[in-house]
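Chemist: For reference, the structure I am asking about is given below.
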Amino acid sequence: MTMDPDETRGVMNQLLYPIDGAPDLSDATAARMVDNLIDGRLFASPVASFAEAIDSTVRAGSLHPEAAEMSRRFSSAELLDFVRRVGSLLEERRPWPPPKFTKLDVSAWSSFGQAPVIAQVNRPTLQLTGAVGFSFDQVPAGEGKLPVLVLRLRTGEEVALMGSVDPRSSTFALLYGGTSAPADVIASFLELSRLRPADITTM
């Protein structure tokens with residue numbers, strides 16, 4: 001189904017909203033943005049939506065005024081040229097792999113009731129959420145709230161991170177109940193999150 005103009009505008013606004021935080025509009029910046037789009041980080045829409053919106057914008061030959069207003073540093077022509085280069089790089093990277101991490105609905109947490117803890121992740125909450133790109137949900141635990149985050153890895157395994165009712169804690173359990181070898185799942189989680197091996201204690 002073709003994206004309508006309002007959807008295109010919304011996706012382009014999302015793409016350019018953080019652009020003034022970039023050091024410049026160089027090819028290196030375009031490449032980093034493409035990495036983030038493909039990895040599913042920083043942006044809410046899937047990479048295919050961005051590719052379609054970019055293609056529509058480039059074919060139109062101009063940015064929607066609302067999208068152009070996302071920047072106070074760069075002109076509309078500079079932004080359009082940058083968007084064109086991002087689109088070209090996206091096309092070169094096809095077929096795109098799944099995102100590094102996909103956040104699953106918190107309702108999936110119930111399926112981890114019998115799942116074993118395969119590792120302990122030792123990082124503060126903000127650093128861990130930055131590494132995976134998603135914030136924790138909260139589920140009732142007695143009189144408190146337990147932070148949990150259910151993720152699907154790019155490799156297909158579904159894991160859950162579970163914190164403590166103590167918000168000061170920087171220790172999280174990594175749960176996995178599938179059929180892959182736990183060591184392989186831990187290795188994939190490490191590679192995708194770019195955490196250090198020292199940040200994870202295998203159980």
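Ligands are numbered from 1 in the order shown, chains are lettered A, B, ... in the order of the structure tokens, and residues start at 1 in each chain.
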Pick out the residues sitting within 9 Å of range 162-174 of chain A, and hand them over as a VMD selection string; count only C-alpha atoms, and ignore anything fewer than 5 positions along from it in its own chain.

Modeler: chain A and resid 116 to 125 136 141 144 to 150 186

Chemist: I'd like to know which residues of range 4-203 of chain A are alpha helix (DSSP H) (by DSSP, run on the backbone); could you write them as a PyMOL selection string?

Modeler: chain A and resi 5-16+27-39+47-60+65-68+76-92+125-132+182-193

Chemist: Please, could you write that set of residues out with C-alpha atoms as a short mmCIF file (atom, residue, chain, number, x, y, z; two decimals), in the first residue's frame?

Modeler:
```cif
data_model
loop_
_atom_site.label_atom_id
_atom_site.label_comp_id
_atom_site.auth_asym_id
_atom_site.auth_seq_id
_atom_site.Cartn_x
_atom_site.Cartn_y
_atom_site.Cartn_z
CA PRO A 5 1.19 12.44 1.81
CA ASP A 6 0.40 12.86 5.50
CA GLU A 7 2.25 9.65 6.35
CA THR A 8 5.19 10.72 4.20
CA ARG A 9 5.34 14.08 5.96
CA GLY A 10 5.20 12.43 9.38
CA VAL A 11 8.01 9.99 8.58
CA MET A 12 10.18 12.74 7.10
CA ASN A 13 9.57 14.90 10.17
CA GLN A 14 10.70 11.97 12.30
CA LEU A 15 13.80 11.49 10.15
CA LEU A 16 14.88 15.13 10.32
CA ASP A 27 28.48 11.19 3.79
CA ALA A 28 29.71 9.82 7.13
CA THR A 29 26.67 11.33 8.86
CA ALA A 30 24.41 9.86 6.19
CA ALA A 31 26.00 6.45 6.71
CA ARG A 32 25.46 6.63 10.48
CA MET A 33 21.81 7.54 9.93
CA VAL A 34 21.38 4.58 7.59
CA ASP A 35 22.92 2.29 10.21
CA ASN A 36 20.44 3.60 12.78
CA LEU A 37 17.50 3.21 10.40
CA ILE A 38 18.40 -0.38 9.58
CA ASP A 39 19.20 -1.27 13.18
CA VAL A 47 13.28 1.14 7.69
CA ALA A 48 10.91 0.31 4.80
CA SER A 49 8.70 3.27 5.75
CA PHE A 50 11.68 5.62 5.70
CA ALA A 51 12.82 4.29 2.32
CA GLU A 52 9.36 4.85 0.85
CA ALA A 53 9.03 8.34 2.33
CA ILE A 54 12.50 9.31 1.14
CA ASP A 55 11.82 8.00 -2.36
CA SER A 56 8.54 9.97 -2.53
CA THR A 57 10.27 13.13 -1.30
CA VAL A 58 13.17 12.82 -3.74
CA ARG A 59 10.79 12.21 -6.65
CA ALA A 60 8.82 15.31 -5.63
CA PRO A 65 7.85 22.90 4.49
CA GLU A 66 7.09 21.27 7.84
CA ALA A 67 9.97 18.81 7.36
CA ALA A 68 12.32 21.60 6.29
CA SER A 76 15.98 23.04 2.63
CA ALA A 77 18.30 22.35 -0.35
CA GLU A 78 21.02 20.99 1.94
CA LEU A 79 18.52 18.76 3.72
CA LEU A 80 17.08 17.45 0.45
CA ASP A 81 20.58 16.58 -0.80
CA PHE A 82 21.27 14.78 2.49
CA VAL A 83 17.98 12.88 2.28
CA ARG A 84 18.81 11.88 -1.31
CA ARG A 85 22.15 10.43 -0.18
CA VAL A 86 20.52 8.59 2.72
CA GLY A 87 18.04 7.09 0.27
CA SER A 88 20.81 5.95 -2.09
CA LEU A 89 22.70 4.30 0.76
CA LEU A 90 19.55 2.54 1.93
CA GLU A 91 19.03 1.11 -1.54
CA GLU A 92 22.63 -0.11 -1.65
CA THR A 125 19.37 1.28 33.65
CA LEU A 126 20.06 4.26 31.38
CA GLN A 127 23.12 2.62 29.87
CA LEU A 128 21.26 -0.63 29.28
CA THR A 129 18.26 1.05 27.66
CA GLY A 130 20.67 3.04 25.52
CA ALA A 131 22.37 -0.17 24.42
CA VAL A 132 19.15 -1.89 23.29
CA PRO A 182 22.30 -20.14 25.99
CA ALA A 183 25.95 -19.35 25.21
CA ASP A 184 24.99 -18.48 21.63
CA VAL A 185 22.12 -16.26 22.81
CA ILE A 186 24.41 -14.44 25.23
CA ALA A 187 26.99 -13.96 22.49
CA SER A 188 24.35 -12.54 20.16
CA PHE A 189 23.03 -10.22 22.85
CA LEU A 190 26.55 -8.96 23.53
CA GLU A 191 27.32 -8.38 19.86
CA LEU A 192 24.03 -6.59 19.13
CA SER A 193 24.08 -4.43 22.26
#
```

Chemist: What's the separation between CA of Leu161 in chain A and CA of Pro18 in chain A, in Å to one decimal place?

Modeler: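 Those two atoms sit 28.3 Å apart.
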
Chemist: Leaving out Phe101 in chain A and any residue of its chain fewer than 5 positions from it, which residues lie within 7 Å of it when counting only C-alpha atoms, given as a ChimeraX atom specification?

Modeler: /A:132,151-154

Chemist: Let's see if you can do this: from backbone DSSP, list all strand (DSSP E or B) residues in range 90-147 of chain A, as number ranges by chain.

Modeler: A: 101-103, 117-122, 137-141, 144-147
